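One file, run-v6.cif, carrying mmCIF, C-alpha atoms:
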```cif
data_final
#
loop_
_atom_site.label_atom_id
_atom_site.label_comp_id
_atom_site.auth_asym_id
_atom_site.auth_seq_id
_atom_site.Cartn_x
_atom_site.Cartn_y
_atom_site.Cartn_z
CA MET A 1 -100.80 -34.95 10.42
CA THR A 2 -99.87 -37.09 7.45
CA SER A 3 -98.64 -35.05 4.52
CA HIS A 4 -100.53 -35.35 1.26
CA PHE A 5 -97.74 -33.49 -0.53
CA GLN A 6 -95.59 -35.39 -2.99
CA PRO A 7 -91.88 -34.77 -3.59
CA VAL A 8 -90.99 -32.66 -6.64
CA ALA A 9 -87.91 -33.72 -8.61
CA PHE A 10 -84.99 -31.28 -8.55
CA ALA A 11 -85.30 -30.78 -12.30
CA HIS A 12 -88.82 -29.42 -11.78
CA ALA A 13 -88.34 -27.49 -8.55
CA SER A 14 -87.61 -24.09 -10.10
CA ARG A 15 -90.75 -24.42 -12.18
CA LEU A 16 -92.81 -24.10 -9.01
CA ILE A 17 -92.14 -20.35 -8.95
CA ASN A 18 -91.67 -19.84 -12.71
CA HIS A 19 -95.01 -18.01 -13.01
CA GLY A 20 -94.32 -15.46 -10.29
CA PRO A 21 -96.48 -16.49 -7.33
CA THR A 22 -96.35 -14.66 -4.03
CA VAL A 23 -94.69 -16.88 -1.43
CA LEU A 24 -94.51 -17.25 2.31
CA VAL A 25 -90.90 -17.12 3.47
CA THR A 26 -90.48 -19.34 6.54
CA SER A 27 -87.45 -19.44 8.79
CA ALA A 28 -86.22 -20.52 12.20
CA HIS A 29 -83.13 -20.23 14.36
CA GLY A 30 -82.97 -21.84 17.76
CA ALA A 31 -86.34 -21.35 19.41
CA ARG A 32 -87.28 -18.41 17.21
CA ARG A 33 -89.21 -18.76 13.98
CA ASN A 34 -91.05 -16.55 11.54
CA VAL A 35 -93.17 -16.34 8.44
CA MET A 36 -93.49 -13.38 6.07
CA ALA A 37 -94.96 -12.82 2.63
CA ALA A 38 -92.77 -12.03 -0.37
CA ALA A 39 -93.90 -11.08 -3.84
CA TRP A 40 -90.34 -10.72 -5.10
CA SER A 41 -88.80 -14.07 -5.90
CA MET A 42 -87.72 -15.88 -9.05
CA PRO A 43 -85.80 -18.92 -10.21
CA VAL A 44 -82.27 -18.24 -11.45
CA GLU A 45 -81.34 -21.78 -12.55
CA PHE A 46 -83.14 -25.03 -13.33
CA THR A 47 -80.24 -27.45 -12.69
CA PRO A 48 -79.19 -27.28 -9.96
CA PRO A 49 -82.38 -25.57 -8.82
CA ARG A 50 -81.53 -22.12 -7.53
CA ILE A 51 -83.71 -19.17 -6.68
CA ALA A 52 -83.45 -15.53 -5.63
CA VAL A 53 -85.76 -13.78 -3.19
CA VAL A 54 -85.80 -10.23 -1.83
CA ILE A 55 -85.84 -10.17 1.99
CA ASP A 56 -85.55 -6.68 3.41
CA LYS A 57 -82.60 -6.26 5.76
CA ASN A 58 -84.85 -4.76 8.44
CA THR A 59 -87.08 -7.82 8.73
CA PHE A 60 -87.00 -10.45 11.47
CA THR A 61 -86.96 -13.06 8.70
CA ARG A 62 -83.70 -11.67 7.34
CA GLU A 63 -82.15 -11.96 10.78
CA LEU A 64 -83.22 -15.61 11.10
CA VAL A 65 -82.15 -16.47 7.56
CA MET A 66 -78.70 -14.99 8.03
CA ALA A 67 -78.31 -16.83 11.34
CA SER A 68 -79.57 -20.20 10.10
CA GLY A 69 -78.52 -20.13 6.44
CA ALA A 70 -81.87 -21.60 5.47
CA PHE A 71 -85.46 -20.72 4.63
CA GLY A 72 -88.58 -22.11 3.05
CA LEU A 73 -90.71 -20.74 0.23
CA CYS A 74 -94.29 -21.91 0.65
CA LEU A 75 -96.83 -21.11 -2.08
CA PRO A 76 -100.16 -20.11 -0.56
CA GLY A 77 -103.29 -21.07 -2.44
CA ALA A 78 -106.17 -18.66 -2.96
CA VAL A 79 -107.73 -19.93 0.27
CA LEU A 80 -104.86 -18.27 2.15
CA VAL A 81 -105.10 -14.81 0.60
CA ASP A 82 -106.09 -13.13 3.88
CA LEU A 83 -103.43 -15.00 5.85
CA THR A 84 -100.79 -14.11 3.26
CA TYR A 85 -101.61 -10.44 3.55
CA ALA A 86 -101.70 -10.70 7.34
CA VAL A 87 -98.21 -12.23 7.66
CA GLY A 88 -96.93 -9.58 5.24
CA SER A 89 -98.33 -6.77 7.38
CA ALA A 90 -96.95 -7.58 10.84
CA SER A 91 -93.47 -8.26 12.22
CA GLY A 92 -92.52 -11.53 13.86
CA ARG A 93 -90.59 -9.50 16.41
CA ASP A 94 -93.97 -8.57 17.89
CA GLY A 95 -94.97 -12.20 18.51
CA ASP A 96 -95.04 -15.62 16.88
CA LYS A 97 -97.22 -15.32 13.79
CA PHE A 98 -97.61 -19.09 13.42
CA ALA A 99 -99.17 -19.32 16.86
CA ARG A 100 -101.29 -16.21 16.55
CA LEU A 101 -102.72 -17.20 13.17
CA GLY A 102 -102.94 -20.93 13.84
CA ILE A 103 -100.51 -21.93 11.11
CA ASP A 104 -99.33 -25.56 11.31
CA THR A 105 -95.87 -26.43 10.07
CA ARG A 106 -93.80 -29.51 9.38
CA PRO A 107 -90.01 -29.60 9.45
CA GLY A 108 -88.24 -29.59 6.10
CA PRO A 109 -86.66 -32.95 5.30
CA VAL A 110 -83.12 -31.63 4.79
CA LEU A 111 -82.68 -28.53 6.94
CA GLY A 112 -85.63 -28.70 9.30
CA VAL A 113 -87.07 -25.38 8.10
CA PRO A 114 -90.70 -24.92 9.21
CA LEU A 115 -92.89 -25.49 6.15
CA VAL A 116 -96.58 -24.77 5.63
CA GLU A 117 -98.72 -27.28 3.75
CA ALA A 118 -102.35 -26.69 4.74
CA GLY A 119 -103.80 -24.34 2.13
CA CYS A 120 -100.54 -24.24 0.19
CA ALA A 121 -99.88 -25.59 -3.29
CA ALA A 122 -96.18 -26.35 -2.86
CA TRP A 123 -93.03 -25.58 -0.91
CA LEU A 124 -89.30 -25.33 -1.54
CA GLU A 125 -86.73 -25.84 1.22
CA CYS A 126 -83.73 -23.62 0.50
CA ARG A 127 -80.12 -23.31 1.65
CA LEU A 128 -78.80 -19.76 1.47
CA ILE A 129 -75.85 -19.17 -0.85
CA PRO A 130 -74.03 -16.36 0.95
CA GLU A 131 -73.65 -13.35 -1.37
CA ARG A 132 -72.86 -10.47 0.91
CA HIS A 133 -72.82 -7.77 -1.76
CA THR A 134 -76.21 -8.45 -3.32
CA GLU A 135 -77.73 -9.08 0.11
CA ASP A 136 -76.50 -5.65 1.19
CA ALA A 137 -77.09 -3.69 -2.01
CA TYR A 138 -80.39 -5.19 -3.20
CA ASP A 139 -81.69 -7.29 -0.27
CA THR A 140 -81.48 -10.11 -2.79
CA CYS A 141 -80.74 -13.53 -1.30
CA PHE A 142 -79.66 -16.41 -3.52
CA ALA A 143 -80.30 -19.99 -2.47
CA GLU A 144 -80.14 -23.59 -3.60
CA VAL A 145 -83.29 -25.67 -3.41
CA VAL A 146 -82.51 -28.78 -1.33
CA ALA A 147 -86.02 -30.26 -1.27
CA ALA A 148 -89.40 -29.48 -2.83
CA ALA A 149 -92.89 -30.89 -2.68
CA ALA A 150 -96.33 -30.04 -4.01
CA ASP A 151 -99.97 -30.91 -3.66
CA PRO A 152 -100.48 -33.43 -6.50
CA ARG A 153 -103.94 -32.04 -7.17
CA VAL A 154 -102.34 -28.96 -8.75
CA PHE A 155 -98.73 -29.96 -9.53
CA ALA A 156 -97.83 -33.44 -10.75
CA ASN A 157 -95.22 -34.94 -13.07
CA GLY A 158 -93.43 -31.62 -13.26
CA HIS A 159 -96.43 -29.59 -14.40
CA TRP A 160 -98.92 -27.19 -12.88
CA ASN A 161 -102.55 -27.90 -13.60
CA PHE A 162 -104.78 -25.02 -12.55
CA SER A 163 -108.09 -26.51 -13.61
CA ASP A 164 -111.43 -25.41 -12.20
CA ASP A 165 -111.40 -28.36 -9.80
CA HIS A 166 -109.28 -26.84 -7.04
CA PRO A 167 -109.73 -23.06 -6.97
CA ALA A 168 -108.59 -22.92 -3.32
CA LEU A 169 -105.12 -24.13 -4.35
CA ARG A 170 -104.52 -21.66 -7.16
CA THR A 171 -101.35 -19.71 -6.52
CA ILE A 172 -101.81 -16.01 -5.86
CA HIS A 173 -99.92 -13.08 -7.34
CA HIS A 174 -99.77 -9.81 -5.46
CA LEU A 175 -100.66 -6.66 -7.39
CA GLY A 176 -100.14 -4.41 -4.38
CA ALA A 177 -102.22 -3.13 -1.46
CA GLY A 178 -103.77 -6.51 -0.70
CA ASN A 179 -105.03 -7.12 -4.22
CA PHE A 180 -104.07 -10.47 -5.73
CA VAL A 181 -104.81 -12.34 -8.92
CA PRO A 182 -105.12 -16.14 -8.78
CA ALA A 183 -103.49 -18.39 -11.36
CA GLY A 184 -106.11 -19.96 -13.57
CA GLY A 185 -107.63 -20.07 -17.02
CA MET A 186 -104.71 -21.74 -18.73
CA LEU A 187 -103.54 -20.49 -22.12
CA LYS A 188 -101.63 -22.78 -24.47
CA ALA A 189 -99.26 -21.08 -26.93
CA ARG A 190 -99.42 -22.21 -30.55
CA ALA A 191 -96.42 -22.21 -32.84
CA LEU A 192 -96.12 -19.14 -35.10
CA MET B 1 -98.36 5.50 -34.63
CA THR B 2 -99.39 7.64 -31.70
CA SER B 3 -98.83 5.97 -28.37
CA HIS B 4 -101.87 5.42 -26.15
CA PHE B 5 -99.58 4.48 -23.27
CA GLN B 6 -99.38 6.79 -20.29
CA PRO B 7 -96.25 7.39 -18.20
CA VAL B 8 -96.02 5.50 -14.91
CA ALA B 9 -94.55 7.38 -11.94
CA PHE B 10 -91.23 6.05 -10.63
CA ALA B 11 -92.84 5.20 -7.29
CA HIS B 12 -95.18 2.80 -9.09
CA ALA B 13 -92.82 1.37 -11.72
CA SER B 14 -91.70 -1.70 -9.74
CA ARG B 15 -95.33 -2.58 -9.13
CA LEU B 16 -95.69 -3.34 -12.85
CA ILE B 17 -93.85 -6.64 -12.36
CA ASN B 18 -94.79 -7.25 -8.71
CA HIS B 19 -97.15 -10.10 -9.65
CA GLY B 20 -94.61 -12.07 -11.68
CA PRO B 21 -95.61 -11.60 -15.32
CA THR B 22 -93.58 -13.04 -18.15
CA VAL B 23 -91.84 -10.22 -20.01
CA LEU B 24 -90.28 -9.52 -23.38
CA VAL B 25 -86.70 -8.36 -22.97
CA THR B 26 -85.85 -5.93 -25.75
CA SER B 27 -82.38 -4.65 -26.60
CA ALA B 28 -80.31 -2.99 -29.30
CA HIS B 29 -76.71 -2.08 -29.96
CA GLY B 30 -75.71 -0.25 -33.12
CA ALA B 31 -77.75 -1.72 -35.97
CA ARG B 32 -78.49 -4.96 -34.13
CA ARG B 33 -81.55 -5.50 -31.98
CA ASN B 34 -83.38 -8.36 -30.35
CA VAL B 35 -86.38 -9.49 -28.36
CA MET B 36 -86.61 -12.56 -26.12
CA ALA B 37 -89.07 -13.82 -23.53
CA ALA B 38 -88.15 -14.05 -19.85
CA ALA B 39 -90.20 -15.57 -17.07
CA TRP B 40 -87.56 -14.83 -14.45
CA SER B 41 -87.67 -11.22 -13.34
CA MET B 42 -88.63 -9.39 -10.16
CA PRO B 43 -88.48 -5.97 -8.55
CA VAL B 44 -85.74 -5.52 -5.95
CA GLU B 45 -86.58 -1.96 -4.84
CA PHE B 46 -89.51 0.45 -5.08
CA THR B 47 -87.60 3.72 -4.67
CA PRO B 48 -85.53 4.11 -6.72
CA PRO B 49 -87.22 1.52 -8.92
CA ARG B 50 -84.82 -1.34 -9.51
CA ILE B 51 -85.35 -4.80 -10.94
CA ALA B 52 -83.48 -8.04 -11.55
CA VAL B 53 -83.89 -10.28 -14.57
CA VAL B 54 -82.20 -13.53 -15.57
CA ILE B 55 -80.68 -13.33 -19.05
CA ASP B 56 -78.69 -16.43 -19.99
CA LYS B 57 -75.09 -15.66 -20.90
CA ASN B 58 -75.43 -17.61 -24.15
CA THR B 59 -78.22 -15.47 -25.54
CA PHE B 60 -77.93 -12.77 -28.18
CA THR B 61 -79.88 -10.50 -25.85
CA ARG B 62 -77.19 -10.83 -23.19
CA GLU B 63 -74.57 -9.76 -25.73
CA LEU B 64 -76.58 -6.68 -26.71
CA VAL B 65 -77.38 -5.77 -23.10
CA MET B 66 -73.75 -5.98 -22.03
CA ALA B 67 -72.70 -3.88 -25.03
CA SER B 68 -75.39 -1.21 -24.66
CA GLY B 69 -75.95 -1.20 -20.89
CA ALA B 70 -79.69 -1.00 -21.46
CA PHE B 71 -82.78 -3.09 -22.08
CA GLY B 72 -86.54 -2.94 -22.01
CA LEU B 73 -89.04 -5.13 -20.18
CA CYS B 74 -92.32 -5.19 -22.11
CA LEU B 75 -95.32 -6.98 -20.59
CA PRO B 76 -97.21 -8.92 -23.25
CA GLY B 77 -100.96 -9.19 -22.88
CA ALA B 78 -102.82 -12.46 -23.39
CA VAL B 79 -103.27 -11.54 -27.05
CA LEU B 80 -99.51 -12.03 -27.49
CA VAL B 81 -99.19 -15.46 -25.92
CA ASP B 82 -98.16 -17.13 -29.19
CA LEU B 83 -95.71 -14.35 -30.05
CA THR B 84 -94.21 -14.51 -26.55
CA TYR B 85 -93.58 -18.20 -26.88
CA ALA B 86 -92.20 -17.72 -30.40
CA VAL B 87 -89.60 -15.11 -29.39
CA GLY B 88 -88.61 -17.36 -26.48
CA SER B 89 -87.99 -20.31 -28.79
CA ALA B 90 -85.69 -18.82 -31.47
CA SER B 91 -82.40 -16.91 -31.37
CA GLY B 92 -82.00 -13.40 -32.71
CA ARG B 93 -78.66 -14.49 -34.09
CA ASP B 94 -80.63 -16.36 -36.76
CA GLY B 95 -82.45 -13.25 -37.98
CA ASP B 96 -84.30 -10.17 -36.76
CA LYS B 97 -87.31 -11.41 -34.81
CA PHE B 98 -89.05 -8.03 -34.89
CA ALA B 99 -89.07 -8.07 -38.69
CA ARG B 100 -89.97 -11.73 -39.04
CA LEU B 101 -92.88 -11.53 -36.60
CA GLY B 102 -94.05 -8.04 -37.57
CA ILE B 103 -93.40 -6.48 -34.17
CA ASP B 104 -93.52 -2.67 -34.14
CA THR B 105 -91.35 -0.78 -31.68
CA ARG B 106 -90.91 2.74 -30.41
CA PRO B 107 -87.68 4.11 -28.97
CA GLY B 108 -87.51 4.43 -25.20
CA PRO B 109 -87.60 8.08 -24.04
CA VAL B 110 -84.35 7.96 -22.06
CA LEU B 111 -82.09 5.35 -23.61
CA GLY B 112 -83.69 4.69 -27.00
CA VAL B 113 -84.30 1.01 -26.23
CA PRO B 114 -86.80 -0.54 -28.68
CA LEU B 115 -90.08 -0.96 -26.82
CA VAL B 116 -93.21 -2.89 -27.79
CA GLU B 117 -96.62 -1.39 -27.12
CA ALA B 118 -99.13 -3.09 -29.43
CA GLY B 119 -100.64 -5.97 -27.49
CA CYS B 120 -98.61 -5.11 -24.40
CA ALA B 121 -99.90 -3.88 -21.05
CA ALA B 122 -96.83 -1.90 -20.01
CA TRP B 123 -93.09 -1.44 -20.44
CA LEU B 124 -90.09 -0.47 -18.34
CA GLU B 125 -86.96 1.06 -19.85
CA CYS B 126 -83.94 -0.07 -17.84
CA ARG B 127 -80.30 0.91 -17.40
CA LEU B 128 -78.06 -2.00 -16.44
CA ILE B 129 -76.29 -1.74 -13.08
CA PRO B 130 -73.09 -3.65 -13.79
CA GLU B 131 -72.69 -6.52 -11.31
CA ARG B 132 -70.14 -8.82 -12.86
CA HIS B 133 -70.29 -11.53 -10.21
CA THR B 134 -74.05 -12.13 -10.21
CA GLU B 135 -74.16 -11.80 -13.99
CA ASP B 136 -71.54 -14.54 -14.24
CA ALA B 137 -72.69 -16.80 -11.41
CA TYR B 138 -76.47 -16.57 -11.76
CA ASP B 139 -77.10 -14.83 -15.09
CA THR B 140 -78.88 -12.28 -12.93
CA CYS B 141 -78.78 -8.71 -14.24
CA PHE B 142 -79.73 -5.80 -11.99
CA ALA B 143 -81.02 -2.57 -13.47
CA GLU B 144 -82.53 0.77 -12.65
CA VAL B 145 -85.84 1.70 -14.24
CA VAL B 146 -85.38 5.04 -16.05
CA ALA B 147 -88.83 5.27 -17.62
CA ALA B 148 -92.08 3.30 -17.51
CA ALA B 149 -95.47 3.48 -19.16
CA ALA B 150 -98.65 1.44 -19.28
CA ASP B 151 -101.90 1.07 -21.13
CA PRO B 152 -104.31 3.06 -18.93
CA ARG B 153 -107.08 0.56 -19.61
CA VAL B 154 -105.33 -1.92 -17.29
CA PHE B 155 -102.90 0.17 -15.20
CA ALA B 156 -103.78 3.65 -13.98
CA ASN B 157 -103.00 5.76 -10.92
CA GLY B 158 -100.45 3.22 -9.77
CA HIS B 159 -102.79 0.23 -9.80
CA TRP B 160 -103.49 -2.75 -12.02
CA ASN B 161 -107.13 -3.34 -12.89
CA PHE B 162 -107.64 -6.72 -14.54
CA SER B 163 -111.36 -6.50 -15.02
CA ASP B 164 -113.28 -8.54 -17.58
CA ASP B 165 -113.27 -5.57 -19.95
CA HIS B 166 -109.84 -6.10 -21.50
CA PRO B 167 -108.93 -9.79 -21.48
CA ALA B 168 -106.45 -9.28 -24.33
CA LEU B 169 -104.32 -7.07 -22.09
CA ARG B 170 -104.11 -9.39 -19.10
CA THR B 171 -100.51 -10.12 -18.26
CA ILE B 172 -99.40 -13.71 -18.79
CA HIS B 173 -97.42 -15.95 -16.44
CA HIS B 174 -95.44 -18.84 -17.88
CA LEU B 175 -95.93 -22.24 -16.24
CA GLY B 176 -93.52 -23.95 -18.64
CA ALA B 177 -93.70 -25.65 -22.03
CA GLY B 178 -95.84 -22.93 -23.60
CA ASN B 179 -98.53 -23.02 -20.93
CA PHE B 180 -99.44 -19.67 -19.43
CA VAL B 181 -101.98 -18.38 -16.94
CA PRO B 182 -103.45 -14.91 -17.47
CA ALA B 183 -103.85 -12.43 -14.62
CA GLY B 184 -107.49 -11.97 -13.79
CA GLY B 185 -110.23 -12.64 -11.27
CA MET B 186 -108.96 -10.24 -8.64
CA LEU B 187 -108.96 -11.26 -4.98
CA LYS B 188 -109.01 -8.65 -2.24
CA ALA B 189 -107.44 -9.62 1.08
CA ARG B 190 -109.42 -8.89 4.24
CA ALA B 191 -107.78 -8.05 7.54
CA LEU B 192 -107.42 -10.99 9.94
#
```

Write out the structure in this file as structure tokens.
Amino acid sequence: MTSHFQPVAFAHASRLINHGPTVLVTSAHGARRNVMAAAWSMPVEFTPPRIAVVIDKNTFTRELVMASGAFGLCLPGAVLVDLTYAVGSASGRDGDKFARLGIDTRPGPVLGVPLVEAGCAAWLECRLIPERHTEDAYDTCFAEVVAAAADPRVFANGHWNFSDDHPALRTIHHLGAGNFVPAGGMLKARAL
Amino acid sequence: MTSHFQPVAFAHASRLINHGPTVLVTSAHGARRNVMAAAWSMPVEFTPPRIAVVIDKNTFTRELVMASGAFGLCLPGAVLVDLTYAVGSASGRDGDKFARLGIDTRPGPVLGVPLVEAGCAAWLECRLIPERHTEDAYDTCFAEVVAAAADPRVFANGHWNFSDDHPALRTIHHLGAGNFVPAGGMLKARAL
């Protein structure tokens, strides 16, 4: 499958999660791989692009991330709301969720992390920055973004554009209990 | 002014920022106080409720937070989009932004942090958990939520309800450069 995603410049990579979307955290180590949903992530730096994400220490994803030192953050569009909730509600220890749910992946260009594009708005390939204390105390994992790409229909030239044209690619934001709000209806601040 | 906000139970406090809203970070130390906007925050734990927020080490807010060990996260509604961008674009070192912009506050019930309710959907009063390394390396400040409250028109019984009835109170999510998306148009995930 040829990718229709376009690379996102490092200076714009953190902006992909600036507005708080729920993400799919993808990971692999050896022959094992996994995908989970995470509502708790944020940028911590624009340049170099760095992010933080909460990955519970009891998850299979955490095990793979600690072993591989890498993970992906893939931003599901509204079309993937059911899939996002599904991968957040089952453990990869009980079987390969990619296979069960029919999720295609491509390898990340730098670290080979499995990345999801179909139905997603963007992805970030991330290298873990080991921080044992915050990983232990807060399940908070810091990472550097080593590659990023987005669907140019909704993110181009460093800017999101959530127009009415592509509702399926609007990022989704988890309120809890399977309820999400999609990004849309842009508001432009005026100077006071 | 009598508050129309209702307390939010500790078990539900982290859910207030689960969906990635932009927040106003409020702080005070002695006679000095400040308010800034922050797009980079996330929960890190439900019970006890704990959060992380990025507060640049060069900001006046950071100085007040380190001195007082406390801050507030107030969630502006869509009605405050211009004000949110304004407080994110000027430094409190150049003058009191509350006074200049006519922002009323009430003291937090536990720590006395100045909190904004008019035009906001909710607030969290937070006690800093000192973490020198992550504060220095990533400007990331961890905190425990010691009190929380919300406007019951949009958050009640532990759940957000962004119906069409109260568009002014929809949380806002910063895309960058003064462009925000409001929370709304709820999507309910179905089991796969």

Spatial neighbours of stretch 152-169 of chain B, max dist 12 Å, all atoms listed in the file, sep filter under 5 positions, as number ranges by chain:
A: 173-182, 185, 187; B: 3-19, 21, 75-81, 117-123, 181-187

The PyMOL selection byres ((chain B and resi 109-116) around 7) on the file shown: which residues, as a ChimeraX atom specification?
/B:26-28,70-72,74,104-108,117-118,120,125,146-147

When you draw a straight line from atom CA of A:His29 to atom CA of A:Arg62, how long is it in Å?
11.1 Å

Hits from the PyMOL selection byres ((chain A and resi 128) around 8), listed as a PyMOL selection string
chain A and resi 65+69-71+126-127+129-130+141-144

Just how far from atom CA of B:Ile55 is atom CA of B:Ala39, in Å to one decimal?
10.0 Å

At what distance in Å, to one decimal, does atom CA of B:Met42 lie from atom CA of B:Ala99?
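Value for the atom CA of B:Ala99-atom CA of B:Met42 distance: 28.6 Å.
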
Padding 6 Å on each side, edges along x, y and z: where is the centre of the box around the listed atoms of stretch 81-84 of chain B, and how long are its edges in Å to one decimal? Output it as AutoDock Vina command-line options.
```
--center_x -96.7 --center_y -15.7 --center_z -28.0 --size_x 17.0 --size_y 14.8 --size_z 16.1
```

Out of B:Thr84, B:Thr59, B:Ser68, B:Ser91, which residue has the shortest atom-to-atom distance to chain A when counting all atoms listed in the file?
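Among B:Thr84, B:Thr59, B:Ser68, B:Ser91, it is B:Thr84 that comes nearest to chain A.
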
Taking the file as I've supplied it (selection: the PyMOL selection byres ((chain A and resi 135) around 10)), which residues are included? Please answer as a count of residues only.
19
